[in-house]
file structure-v7.cif (mmCIF, C-alpha atoms)
data_run
#
loop_
_atom_site.label_atom_id
_atom_site.label_comp_id
_atom_site.auth_asym_id
_atom_site.auth_seq_id
_atom_site.Cartn_x
_atom_site.Cartn_y
_atom_site.Cartn_z
CA MET Y 997 -41.78 -46.22 8.18
CA ARG Y 998 -39.32 -48.61 6.58
CA LEU Y 999 -38.82 -51.91 8.38
CA GLY Y 1000 -36.68 -54.94 7.73
CA TYR Y 1001 -34.23 -57.52 8.96
CA PHE Y 1002 -30.50 -56.87 9.09
CA GLU Y 1003 -27.35 -58.70 10.02
CA ARG Y 1004 -24.46 -57.35 12.07
CA GLU Y 1005 -21.49 -59.45 13.13
CA GLY Y 1006 -23.38 -62.63 12.28
CA LYS Y 1007 -26.49 -61.74 14.27
CA ALA Y 1008 -29.84 -60.88 12.67
CA PHE Y 1009 -32.29 -58.36 14.06
CA ALA Y 1010 -35.45 -56.49 13.10
CA GLY Y 1011 -34.89 -52.81 12.55
CA LEU Y 1012 -36.37 -49.44 11.68
CA VAL Y 1013 -34.66 -47.56 8.85
CA SER Y 1014 -34.37 -43.81 9.35
CA GLY Y 1015 -32.29 -42.01 6.77
CA ASP Y 1016 -28.97 -43.84 6.55
CA MET Y 1017 -29.33 -45.37 10.02
CA VAL Y 1018 -31.00 -48.54 11.29
CA TYR Y 1019 -32.39 -48.78 14.82
CA PRO Y 1020 -32.97 -52.27 16.28
CA LEU Y 1021 -36.55 -52.92 17.37
CA ARG Y 1022 -37.13 -54.43 20.79
CA GLY Y 1023 -39.20 -57.56 20.37
CA GLY Y 1024 -39.39 -57.31 16.58
CA PHE Y 1025 -41.82 -55.37 14.42
CA GLY Y 1026 -44.14 -53.34 16.59
CA GLY Y 1027 -41.52 -52.98 19.28
CA ARG Y 1028 -39.81 -49.78 20.39
CA PRO Y 1029 -36.59 -48.79 18.61
CA GLU Y 1030 -33.34 -48.78 20.52
CA PRO Y 1031 -31.84 -45.31 21.02
CA GLU Y 1032 -28.55 -46.32 19.42
CA GLY Y 1033 -28.51 -47.32 15.76
CA TYR Y 1034 -26.07 -48.57 13.15
CA PRO Y 1035 -25.15 -47.12 9.76
CA LEU Y 1036 -27.15 -48.92 7.08
CA ALA Y 1037 -24.03 -49.22 4.95
CA ALA Y 1038 -22.36 -51.28 7.69
CA LEU Y 1039 -25.14 -53.88 7.78
CA LYS Y 1040 -26.19 -56.75 5.55
CA VAL Y 1041 -29.79 -56.22 4.40
CA LEU Y 1042 -31.74 -59.47 4.71
CA ALA Y 1043 -35.16 -60.40 3.35
CA PRO Y 1044 -37.52 -57.97 5.11
CA CYS Y 1045 -39.87 -60.58 6.59
CA ARG Y 1046 -39.99 -64.22 7.66
CA PRO Y 1047 -43.25 -65.62 6.34
CA SER Y 1048 -44.78 -68.95 7.30
CA LYS Y 1049 -46.15 -69.01 3.74
CA ILE Y 1050 -46.24 -66.97 0.56
CA VAL Y 1051 -49.69 -66.86 -1.04
CA CYS Y 1052 -49.50 -65.93 -4.72
CA VAL Y 1053 -52.12 -64.72 -7.16
CA GLY Y 1054 -51.92 -65.72 -10.82
CA LEU Y 1055 -53.14 -63.69 -13.79
CA ASN Y 1056 -54.09 -60.63 -11.76
CA TYR Y 1057 -53.06 -57.81 -14.14
CA ARG Y 1058 -55.34 -56.79 -16.99
CA ASP Y 1059 -52.40 -56.07 -19.29
CA HIS Y 1060 -50.86 -59.49 -18.59
CA ALA Y 1061 -54.17 -61.28 -19.28
CA ARG Y 1062 -54.53 -59.37 -22.55
CA GLU Y 1063 -50.93 -60.18 -23.46
CA LEU Y 1064 -51.64 -63.90 -23.06
CA GLY Y 1065 -55.07 -63.70 -24.69
CA TYR Y 1066 -56.78 -65.02 -21.55
CA PRO Y 1067 -60.14 -63.87 -20.16
CA PHE Y 1068 -60.04 -62.13 -16.80
CA PRO Y 1069 -60.52 -64.67 -13.98
CA GLU Y 1070 -63.79 -64.56 -12.08
CA GLU Y 1071 -61.99 -65.24 -8.78
CA PRO Y 1072 -58.35 -64.94 -7.72
CA VAL Y 1073 -56.22 -67.89 -8.84
CA LEU Y 1074 -54.13 -68.90 -5.82
CA PHE Y 1075 -50.95 -70.91 -5.41
CA LEU Y 1076 -48.24 -71.12 -2.75
CA LYS Y 1077 -44.51 -70.69 -2.48
CA PRO Y 1078 -42.65 -72.16 0.51
CA PRO Y 1079 -40.71 -69.91 2.89
CA THR Y 1080 -37.53 -71.72 1.83
CA ALA Y 1081 -37.80 -69.86 -1.51
CA VAL Y 1082 -37.23 -66.47 0.16
CA ILE Y 1083 -33.99 -64.53 -0.35
CA GLY Y 1084 -33.12 -60.90 0.22
CA PRO Y 1085 -31.65 -58.05 -1.82
CA GLU Y 1086 -28.36 -58.68 -3.64
CA GLU Y 1087 -28.62 -62.44 -3.06
CA ALA Y 1088 -28.30 -64.94 -5.89
CA ILE Y 1089 -31.20 -66.58 -7.70
CA ARG Y 1090 -29.97 -70.12 -8.41
CA TYR Y 1091 -30.91 -71.48 -11.82
CA PRO Y 1092 -31.88 -75.15 -11.29
CA ALA Y 1093 -30.06 -77.72 -13.40
CA VAL Y 1094 -33.38 -79.44 -14.20
CA ALA Y 1095 -34.93 -76.28 -15.71
CA ARG Y 1096 -34.60 -75.03 -19.27
CA GLN Y 1097 -36.50 -71.74 -18.92
CA VAL Y 1098 -36.58 -69.66 -15.76
CA ASP Y 1099 -38.62 -66.43 -15.91
CA TYR Y 1100 -38.77 -63.23 -13.88
CA GLU Y 1101 -42.09 -61.81 -12.63
CA ALA Y 1102 -42.09 -58.40 -10.91
CA GLU Y 1103 -44.73 -58.21 -8.18
CA LEU Y 1104 -46.04 -56.06 -5.35
CA ALA Y 1105 -45.85 -58.00 -2.08
CA VAL Y 1106 -48.23 -57.42 0.82
CA VAL Y 1107 -46.85 -58.24 4.28
CA ILE Y 1108 -49.41 -59.20 6.92
CA GLY Y 1109 -49.16 -57.52 10.31
CA LYS Y 1110 -51.48 -59.55 12.54
CA ILE Y 1111 -53.47 -62.79 12.46
CA ALA Y 1112 -56.12 -62.50 9.75
CA ARG Y 1113 -59.09 -64.81 9.35
CA HIS Y 1114 -62.35 -63.96 7.53
CA VAL Y 1115 -61.36 -60.32 7.10
CA ARG Y 1116 -63.82 -58.07 5.29
CA PRO Y 1117 -62.35 -55.92 2.48
CA GLU Y 1118 -63.06 -52.72 4.38
CA GLU Y 1119 -61.05 -54.10 7.33
CA ALA Y 1120 -58.06 -55.30 5.31
CA ALA Y 1121 -55.82 -52.26 5.85
CA ALA Y 1122 -55.78 -52.89 9.60
CA TYR Y 1123 -54.22 -56.33 9.00
CA ILE Y 1124 -51.44 -55.16 6.68
CA LEU Y 1125 -48.01 -54.32 8.09
CA GLY Y 1126 -46.76 -52.90 4.80
CA TYR Y 1127 -45.54 -53.58 1.30
CA THR Y 1128 -42.33 -54.60 -0.43
CA CYS Y 1129 -40.99 -55.65 -3.84
CA ALA Y 1130 -40.99 -59.27 -4.98
CA ASN Y 1131 -39.84 -61.40 -7.89
CA ASP Y 1132 -41.96 -64.51 -8.44
CA VAL Y 1133 -39.24 -66.51 -10.17
CA THR Y 1134 -40.71 -69.41 -12.16
CA ALA Y 1135 -39.33 -72.43 -14.00
CA ARG Y 1136 -41.69 -71.95 -16.93
CA ASP Y 1137 -40.88 -75.19 -18.73
CA LEU Y 1138 -41.59 -77.22 -15.59
CA GLN Y 1139 -44.81 -75.31 -15.00
CA LYS Y 1140 -46.02 -76.34 -18.45
CA LYS Y 1141 -44.71 -79.89 -18.09
CA ASP Y 1142 -46.29 -80.54 -14.69
CA GLY Y 1143 -49.66 -78.97 -15.45
CA GLN Y 1144 -49.64 -77.39 -11.98
CA TRP Y 1145 -47.32 -74.87 -10.44
CA THR Y 1146 -45.82 -76.20 -7.23
CA ARG Y 1147 -42.45 -77.42 -8.47
CA ALA Y 1148 -41.95 -74.56 -10.91
CA LYS Y 1149 -42.51 -71.90 -8.25
CA SER Y 1150 -40.88 -73.50 -5.22
CA PHE Y 1151 -37.15 -73.87 -5.83
CA ASP Y 1152 -34.88 -72.37 -3.19
CA THR Y 1153 -34.14 -68.70 -4.02
CA PHE Y 1154 -37.28 -68.35 -6.21
CA CYS Y 1155 -38.85 -65.62 -4.03
CA PRO Y 1156 -36.62 -62.55 -3.70
CA LEU Y 1157 -38.16 -59.92 -1.37
CA GLY Y 1158 -37.04 -56.43 -0.40
CA PRO Y 1159 -35.42 -54.13 0.16
CA PHE Y 1160 -37.64 -53.00 3.07
CA ILE Y 1161 -41.26 -53.12 4.22
CA VAL Y 1162 -42.85 -49.71 3.63
CA THR Y 1163 -45.78 -49.10 5.95
CA ALA Y 1164 -47.15 -45.88 4.38
CA PHE Y 1165 -47.95 -46.87 0.81
CA ASP Y 1166 -50.97 -46.55 -1.47
CA PRO Y 1167 -51.28 -49.75 -3.55
CA SER Y 1168 -54.01 -48.40 -5.81
CA ASP Y 1169 -51.82 -46.75 -8.47
CA ALA Y 1170 -48.07 -47.30 -8.13
CA THR Y 1171 -45.69 -47.83 -11.02
CA ILE Y 1172 -44.09 -51.30 -11.11
CA SER Y 1173 -41.13 -52.06 -13.39
CA LEU Y 1174 -38.51 -54.72 -13.96
CA TYR Y 1175 -35.05 -54.20 -15.44
CA LEU Y 1176 -32.97 -57.03 -16.87
CA ASN Y 1177 -29.29 -56.10 -17.22
CA GLY Y 1178 -30.33 -52.45 -17.18
CA GLU Y 1179 -33.03 -52.79 -19.86
CA ARG Y 1180 -36.65 -52.25 -18.86
CA ARG Y 1181 -38.72 -55.36 -19.57
CA GLN Y 1182 -41.85 -54.80 -17.47
CA HIS Y 1183 -43.60 -51.50 -16.84
CA SER Y 1184 -47.14 -51.07 -15.56
CA SER Y 1185 -49.19 -49.79 -12.64
CA THR Y 1186 -51.01 -51.46 -9.78
CA LYS Y 1187 -54.17 -49.80 -11.11
CA GLU Y 1188 -54.10 -52.67 -13.63
CA LEU Y 1189 -54.80 -55.19 -10.85
CA ILE Y 1190 -57.95 -57.19 -11.51
CA PHE Y 1191 -58.44 -57.91 -7.80
CA ASP Y 1192 -57.14 -55.16 -5.51
CA VAL Y 1193 -55.19 -55.66 -2.30
CA ALA Y 1194 -58.16 -55.34 0.07
CA TYR Y 1195 -60.14 -57.91 -1.90
CA LEU Y 1196 -57.18 -60.31 -1.94
CA VAL Y 1197 -56.66 -60.11 1.82
CA SER Y 1198 -60.36 -60.80 2.33
CA PHE Y 1199 -60.53 -63.63 -0.22
CA ILE Y 1200 -57.39 -65.39 0.98
CA SER Y 1201 -58.17 -65.02 4.69
CA ALA Y 1202 -61.50 -66.77 4.04
CA VAL Y 1203 -59.50 -69.77 2.80
CA MET Y 1204 -56.56 -69.87 5.20
CA THR Y 1205 -55.42 -68.06 8.31
CA LEU Y 1206 -52.74 -65.48 7.61
CA TYR Y 1207 -50.06 -64.93 10.23
CA PRO Y 1208 -47.80 -61.94 10.92
CA GLU Y 1209 -45.11 -61.59 8.24
CA ASP Y 1210 -46.97 -63.88 5.82
CA VAL Y 1211 -46.74 -62.55 2.28
CA ILE Y 1212 -49.28 -62.13 -0.50
CA LEU Y 1213 -47.82 -61.75 -4.01
CA THR Y 1214 -50.40 -59.81 -6.00
CA GLY Y 1215 -49.54 -60.89 -9.57
CA THR Y 1216 -47.28 -59.70 -12.37
CA PRO Y 1217 -47.90 -57.31 -15.27
CA SER Y 1218 -47.13 -57.91 -18.93
CA GLY Y 1219 -43.59 -58.43 -20.20
CA VAL Y 1220 -42.59 -61.62 -18.37
CA GLY Y 1221 -39.46 -63.19 -19.85
CA PRO Y 1222 -36.48 -65.48 -19.29
CA LEU Y 1223 -33.43 -65.20 -17.07
CA LYS Y 1224 -30.05 -66.83 -17.50
CA PRO Y 1225 -26.96 -67.24 -15.29
CA GLY Y 1226 -24.99 -64.01 -15.19
CA ASP Y 1227 -28.07 -61.77 -15.43
CA SER Y 1228 -28.83 -58.90 -13.08
CA VAL Y 1229 -32.52 -58.30 -12.38
CA VAL Y 1230 -34.11 -55.33 -10.60
CA VAL Y 1231 -37.73 -54.94 -9.49
CA GLU Y 1232 -38.67 -51.33 -8.84
CA ILE Y 1233 -41.94 -50.13 -7.33
CA GLU Y 1234 -42.73 -46.45 -6.97
CA GLY Y 1235 -42.80 -45.51 -3.30
CA ILE Y 1236 -41.05 -48.69 -2.13
CA GLY Y 1237 -37.65 -48.92 -3.82
CA LYS Y 1238 -35.52 -51.34 -5.79
CA LEU Y 1239 -34.95 -55.07 -5.27
CA ARG Y 1240 -31.77 -56.20 -7.01
CA ASN Y 1241 -30.64 -59.80 -7.48
CA HIS Y 1242 -28.33 -61.71 -9.78
CA VAL Y 1243 -28.61 -65.16 -11.33
CA VAL Y 1244 -26.12 -68.00 -10.95
CA ALA Y 1245 -26.09 -71.63 -12.06
CA ALA Y 1246 -27.16 -73.95 -9.26
#
call {"tool": "encode", "arguments": {"input": "structure-v7.cif", "output": "structure tokens"}}
result
Amino acid sequence: MRLGYFEREGKAFAGLVSGDMVYPLRGGFGGRPEPEGYPLAALKVLAPCRPSKIVCVGLNYRDHARELGYPFPEEPVLFLKPPTAVIGPEEAIRYPAVARQVDYEAELAVVIGKIARHVRPEEAAAYILGYTCANDVTARDLQKKDGQWTRAKSFDTFCPLGPFIVTAFDPSDATISLYLNGERRQHSSTKELIFDVAYLVSFISAVMTLYPEDVILTGTPSGVGPLKPGDSVVVEIEGIGKLRNHVVAA
């Protein structure tokens, strides 16, 4: 299934995508679809989930660690993005006036389906609603200046998600790519993950309770680079789709 949020005549709703139609879901994700749908082309596609938090994993691709010359981490390196950073497909990433280098980072996003606390790896799949594309936009100069990552990762619009949540997806070996103005800049596979999705759900849920629609960003592969106002950036993950955004000056 493909799930998401959509807007029609100024009203947002959760929906099920079937072909070129969207069927509203009664009571949100997990609810029954209405019998009458709307053409997808007539709707605004919003960010596909409404997380209470976005839990991110740093340095989680082998090729990215090698690119930087860093040893593989012994445990996942966690940081957070606020929900105010979330935007949807085709929305603008705003380049902050205080930043001098803003980078793209293509990532696979895991969307939680039910409350998760102290989940064992073998149980993780039962707590996952599905997967979507993400761009962990980062003010790289501020990250280096601050010595920690909160400000650099947390600007409004710094967490594009979409286009939809795909519920039937194998995260073990999917191609992940990023295109900047049509040129491929990142290209790898989720098989390069140091810590796989099941381990991440288990590890993170032992630290904090995960709620429905919370998001885990699983890390970025090699090829991270800068954005500038006027750029178009596309994250593409095999089996999920394309997340397209553009960059504007704040």
call {"tool": "closest_atom_pairs", "arguments": {"input": "structure-v7.cif", "of": "range 1011-1082 of chain Y", "to": "range 1210-1224 of chain Y", "cutoff": "10 Å", "atoms": "only C-alpha atoms", "output": "tab-separated table"}}
result
residue	atom	partner	partner_atom	distance
Y:Cys1045	CA	Y:Asp1210	CA	7.9
Y:Arg1046	CA	Y:Asp1210	CA	7.2
Y:Pro1047	CA	Y:Asp1210	CA	4.1
Y:Ser1048	CA	Y:Asp1210	CA	5.7
Y:Lys1049	CA	Y:Asp1210	CA	5.6
Y:Ile1050	CA	Y:Val1211	CA	4.8
Y:Val1051	CA	Y:Ile1212	CA	4.8
Y:Cys1052	CA	Y:Leu1213	CA	4.6
Y:Val1053	CA	Y:Gly1215	CA	5.2
Y:Gly1054	CA	Y:Gly1215	CA	5.5
Y:Leu1055	CA	Y:Gly1215	CA	6.2
Y:Asn1056	CA	Y:Gly1215	CA	5.1
Y:Tyr1057	CA	Y:Pro1217	CA	5.3
Y:Arg1058	CA	Y:Pro1217	CA	7.7
Y:Asp1059	CA	Y:Ser1218	CA	5.6
Y:His1060	CA	Y:Ser1218	CA	4.1
Y:Ala1061	CA	Y:Ser1218	CA	7.8
Y:Arg1062	CA	Y:Ser1218	CA	8.4
Y:Glu1063	CA	Y:Ser1218	CA	6.3
Y:Leu1064	CA	Y:Ser1218	CA	8.6
Y:Pro1072	CA	Y:Thr1214	CA	9.6
Y:Val1073	CA	Y:Gly1215	CA	9.7
Y:Leu1074	CA	Y:Leu1213	CA	9.7
Y:Phe1075	CA	Y:Leu1213	CA	9.8
Y:Leu1076	CA	Y:Ile1212	CA	9.3
Y:Lys1077	CA	Y:Leu1213	CA	9.7
Y:Pro1079	CA	Y:Asp1210	CA	9.2
call {"tool": "closest_residue", "arguments": {"input": "structure-v7.cif", "among": "Y:Lys1149, Y:Lys1187, Y:Arg1180, Y:Arg1096", "to": "Thr1080 in chain Y", "atoms": "all atoms listed in the file"}}
result
Y:Lys1149
call {"tool": "resolve_selection", "arguments": {"input": "structure-v7.cif", "expression": "the PyMOL selection byres ((chain Y and resi 1010) around 8)", "output": "NGL selection string"}}
result
:Y and (999-1002 or 1008-1009 or 1011-1012 or 1020-1021 or 1024-1025)
call {"tool": "closest_residue", "arguments": {"input": "structure-v7.cif", "among": "Y:Gly1015, Y:Gly1237, Y:Pro1029, Y:Pro1067", "to": "Ile1172 in chain Y", "atoms": "only C-alpha atoms"}}
result
Y:Gly1237
call {"tool": "atom_distance", "arguments": {"input": "structure-v7.cif", "atom1": "CA of Lys1238 in chain Y", "atom2": "CA of Glu1086 in chain Y"}}
result
10.5 Å
call {"tool": "residues_around", "arguments": {"input": "structure-v7.cif", "residues": "Glu1234 in chain Y", "least_positions_apart": "6", "cutoff": "10 Å", "atoms": "all atoms listed in the file", "output": "PDB file with C-alpha atoms, in the coordinates of the input"}}
result
ATOM      1  CA  CYS Y1129     -40.990 -55.650  -3.840  1.00  0.00           C
ATOM      2  CA  PHE Y1165     -47.950 -46.870   0.810  1.00  0.00           C
ATOM      3  CA  ASP Y1166     -50.970 -46.550  -1.470  1.00  0.00           C
ATOM      4  CA  PRO Y1167     -51.280 -49.750  -3.550  1.00  0.00           C
ATOM      5  CA  ASP Y1169     -51.820 -46.750  -8.470  1.00  0.00           C
ATOM      6  CA  ALA Y1170     -48.070 -47.300  -8.130  1.00  0.00           C
ATOM      7  CA  THR Y1171     -45.690 -47.830 -11.020  1.00  0.00           C
ATOM      8  CA  ILE Y1172     -44.090 -51.300 -11.110  1.00  0.00           C
ATOM      9  CA  SER Y1173     -41.130 -52.060 -13.390  1.00  0.00           C
ATOM     10  CA  SER Y1185     -49.190 -49.790 -12.640  1.00  0.00           C
TER      11      SER Y1185
END
call {"tool": "closest_residue", "arguments": {"input": "structure-v7.cif", "among": "Y:Val1133, Y:Leu1196, Y:Val1013, Y:Ala1122", "to": "Glu1101 in chain Y", "atoms": "only C-alpha atoms"}}
result
Y:Val1133
call {"tool": "closest_residue", "arguments": {"input": "structure-v7.cif", "among": "Y:Val1162, Y:Val1203, Y:Val1193, Y:Ala1038", "to": "Gly1235 in chain Y", "atoms": "all atoms listed in the file"}}
result
Y:Val1162
call {"tool": "atom_distance", "arguments": {"input": "structure-v7.cif", "atom1": "CA of Thr1186 in chain Y", "atom2": "CA of Glu1119 in chain Y"}}
result
20.0 Å
call {"tool": "closest_residue", "arguments": {"input": "structure-v7.cif", "among": "Y:His1183, Y:Arg1240, Y:His1114, Y:Arg1004", "to": "Met1204 in chain Y", "atoms": "all atoms listed in the file"}}
result
Y:His1114
call {"tool": "atom_distance", "arguments": {"input": "structure-v7.cif", "atom1": "CA of Glu1103 in chain Y", "atom2": "CA of Ala1130 in chain Y"}}
result
5.0 Å
call {"tool": "residues_around", "arguments": {"input": "structure-v7.cif", "residues": "Leu1138 in chain Y", "least_positions_apart": "3", "cutoff": "8 Å", "atoms": "all atoms listed in the file", "output": "list of chain:residue names"}}
result
Y:Ala1095, Y:Ala1135, Y:Lys1141, Y:Asp1142, Y:Arg1147, Y:Ala1148
call {"tool": "axis_aligned_box", "arguments": {"input": "structure-v7.cif", "around": "range 1135-1145 of chain Y", "padding_each_side": "8 Å", "output": "lines of an AutoDock Vina configuration file"}}
result
center_x = -44.5
center_y = -76.2
center_z = -14.6
size_x = 26.3
size_y = 24.6
size_z = 24.3
call {"tool": "closest_residue", "arguments": {"input": "structure-v7.cif", "among": "Y:Pro1069, Y:Gly1109, Y:Gly1023, Y:Pro1092", "to": "Val1197 in chain Y", "atoms": "all atoms listed in the file"}}
result
Y:Gly1109
call {"tool": "resolve_selection", "arguments": {"input": "structure-v7.cif", "expression": "the PyMOL selection byres ((chain Y and resi 1201) around 10)", "output": "tab-separated table (two decimals) with C-alpha atoms, keeping the file's coordinate frame"}}
result
chain	number	residue	atom	x	y	z
Y	1111	ILE	CA	-53.47	-62.79	12.46
Y	1112	ALA	CA	-56.12	-62.50	9.75
Y	1113	ARG	CA	-59.09	-64.81	9.35
Y	1114	HIS	CA	-62.35	-63.96	7.53
Y	1115	VAL	CA	-61.36	-60.32	7.10
Y	1116	ARG	CA	-63.82	-58.07	5.29
Y	1120	ALA	CA	-58.06	-55.30	5.31
Y	1195	TYR	CA	-60.14	-57.91	-1.90
Y	1196	LEU	CA	-57.18	-60.31	-1.94
Y	1197	VAL	CA	-56.66	-60.11	1.82
Y	1198	SER	CA	-60.36	-60.80	2.33
Y	1199	PHE	CA	-60.53	-63.63	-0.22
Y	1200	ILE	CA	-57.39	-65.39	0.98
Y	1202	ALA	CA	-61.50	-66.77	4.04
Y	1203	VAL	CA	-59.50	-69.77	2.80
Y	1204	MET	CA	-56.56	-69.87	5.20
Y	1205	THR	CA	-55.42	-68.06	8.31
Y	1206	LEU	CA	-52.74	-65.48	7.61
Y	1207	TYR	CA	-50.06	-64.93	10.23
call {"tool": "resolve_selection", "arguments": {"input": "structure-v7.cif", "expression": "the PyMOL selection byres ((chain Y and resi 1157) around 9)", "output": "PDB file with C-alpha atoms, keeping the file's coordinate frame"}}
result
ATOM      1  CA  LEU Y1042     -31.740 -59.470   4.710  1.00  0.00           C
ATOM      2  CA  ALA Y1043     -35.160 -60.400   3.350  1.00  0.00           C
ATOM      3  CA  PRO Y1044     -37.520 -57.970   5.110  1.00  0.00           C
ATOM      4  CA  CYS Y1045     -39.870 -60.580   6.590  1.00  0.00           C
ATOM      5  CA  VAL Y1082     -37.230 -66.470   0.160  1.00  0.00           C
ATOM      6  CA  ILE Y1083     -33.990 -64.530  -0.350  1.00  0.00           C
ATOM      7  CA  GLY Y1084     -33.120 -60.900   0.220  1.00  0.00           C
ATOM      8  CA  PRO Y1085     -31.650 -58.050  -1.820  1.00  0.00           C
ATOM      9  CA  ALA Y1105     -45.850 -58.000  -2.080  1.00  0.00           C
ATOM     10  CA  THR Y1128     -42.330 -54.600  -0.430  1.00  0.00           C
ATOM     11  CA  CYS Y1129     -40.990 -55.650  -3.840  1.00  0.00           C
ATOM     12  CA  ALA Y1130     -40.990 -59.270  -4.980  1.00  0.00           C
ATOM     13  CA  ASN Y1131     -39.840 -61.400  -7.890  1.00  0.00           C
ATOM     14  CA  CYS Y1155     -38.850 -65.620  -4.030  1.00  0.00           C
ATOM     15  CA  PRO Y1156     -36.620 -62.550  -3.700  1.00  0.00           C
ATOM     16  CA  GLY Y1158     -37.040 -56.430  -0.400  1.00  0.00           C
ATOM     17  CA  PRO Y1159     -35.420 -54.130   0.160  1.00  0.00           C
ATOM     18  CA  PHE Y1160     -37.640 -53.000   3.070  1.00  0.00           C
ATOM     19  CA  LEU Y1239     -34.950 -55.070  -5.270  1.00  0.00           C
TER      20      LEU Y1239
END
call {"tool": "decode", "arguments": {"input": "structure-v7.cif", "residues": "range 1060-1074 of chain Y", "atoms": "N, CA, C and O atoms", "output": "mmCIF file, in the first residue's frame"}}
result
data_model
loop_
_atom_site.group_PDB
_atom_site.id
_atom_site.type_symbol
_atom_site.label_atom_id
_atom_site.label_comp_id
_atom_site.auth_asym_id
_atom_site.auth_seq_id
_atom_site.Cartn_x
_atom_site.Cartn_y
_atom_site.Cartn_z
ATOM 1 N N HIS Y 1060 30.011 5.934 3.145
ATOM 2 C CA HIS Y 1060 30.146 7.308 3.646
ATOM 3 C C HIS Y 1060 31.257 7.390 4.687
ATOM 4 O O HIS Y 1060 32.042 8.342 4.707
ATOM 5 N N ALA Y 1061 31.345 6.380 5.569
ATOM 6 C CA ALA Y 1061 32.417 6.362 6.567
ATOM 7 C C ALA Y 1061 33.777 6.275 5.879
ATOM 8 O O ALA Y 1061 34.731 6.974 6.265
ATOM 9 N N ARG Y 1062 33.874 5.422 4.856
ATOM 10 C CA ARG Y 1062 35.142 5.310 4.119
ATOM 11 C C ARG Y 1062 35.484 6.627 3.426
ATOM 12 O O ARG Y 1062 36.651 7.041 3.395
ATOM 13 N N GLU Y 1063 34.473 7.274 2.867
ATOM 14 C CA GLU Y 1063 34.672 8.542 2.172
ATOM 15 C C GLU Y 1063 35.275 9.593 3.102
ATOM 16 O O GLU Y 1063 36.147 10.371 2.710
ATOM 17 N N LEU Y 1064 34.827 9.595 4.347
ATOM 18 C CA LEU Y 1064 35.299 10.570 5.330
ATOM 19 C C LEU Y 1064 36.567 10.112 6.048
ATOM 20 O O LEU Y 1064 37.181 10.893 6.776
ATOM 21 N N GLY Y 1065 36.931 8.831 5.877
ATOM 22 C CA GLY Y 1065 38.090 8.300 6.566
ATOM 23 C C GLY Y 1065 37.839 8.018 8.033
ATOM 24 O O GLY Y 1065 38.773 8.003 8.835
ATOM 25 N N TYR Y 1066 36.561 7.766 8.389
ATOM 26 C CA TYR Y 1066 36.199 7.512 9.783
ATOM 27 C C TYR Y 1066 36.048 6.014 10.023
ATOM 28 O O TYR Y 1066 35.604 5.277 9.121
ATOM 29 N N PRO Y 1067 36.369 5.536 11.220
ATOM 30 C CA PRO Y 1067 36.073 4.142 11.556
ATOM 31 C C PRO Y 1067 34.577 3.944 11.693
ATOM 32 O O PRO Y 1067 33.835 4.899 11.987
ATOM 33 N N PHE Y 1068 34.110 2.728 11.485
ATOM 34 C CA PHE Y 1068 32.689 2.448 11.664
ATOM 35 C C PHE Y 1068 32.336 2.614 13.144
ATOM 36 O O PHE Y 1068 33.077 2.158 14.026
ATOM 37 N N PRO Y 1069 31.216 3.259 13.443
ATOM 38 C CA PRO Y 1069 30.828 3.418 14.856
ATOM 39 C C PRO Y 1069 30.476 2.079 15.496
ATOM 40 O O PRO Y 1069 29.984 1.163 14.818
ATOM 41 N N GLU Y 1070 30.732 1.974 16.781
ATOM 42 C CA GLU Y 1070 30.404 0.751 17.504
ATOM 43 C C GLU Y 1070 28.927 0.680 17.858
ATOM 44 O O GLU Y 1070 28.373 -0.413 18.047
ATOM 45 N N GLU Y 1071 28.291 1.831 17.997
ATOM 46 C CA GLU Y 1071 26.854 1.929 18.254
ATOM 47 C C GLU Y 1071 26.294 3.033 17.370
ATOM 48 O O GLU Y 1071 27.030 3.921 16.936
ATOM 49 N N PRO Y 1072 24.981 3.011 17.098
ATOM 50 C CA PRO Y 1072 24.396 4.096 16.313
ATOM 51 C C PRO Y 1072 24.605 5.456 16.980
ATOM 52 O O PRO Y 1072 24.466 5.588 18.197
ATOM 53 N N VAL Y 1073 24.952 6.440 16.170
ATOM 54 C CA VAL Y 1073 25.103 7.822 16.628
ATOM 55 C C VAL Y 1073 23.778 8.532 16.378
ATOM 56 O O VAL Y 1073 23.363 8.701 15.218
ATOM 57 N N LEU Y 1074 23.091 8.936 17.432
ATOM 58 C CA LEU Y 1074 21.744 9.486 17.320
ATOM 59 C C LEU Y 1074 21.730 10.998 17.491
ATOM 60 O O LEU Y 1074 22.493 11.572 18.267
#
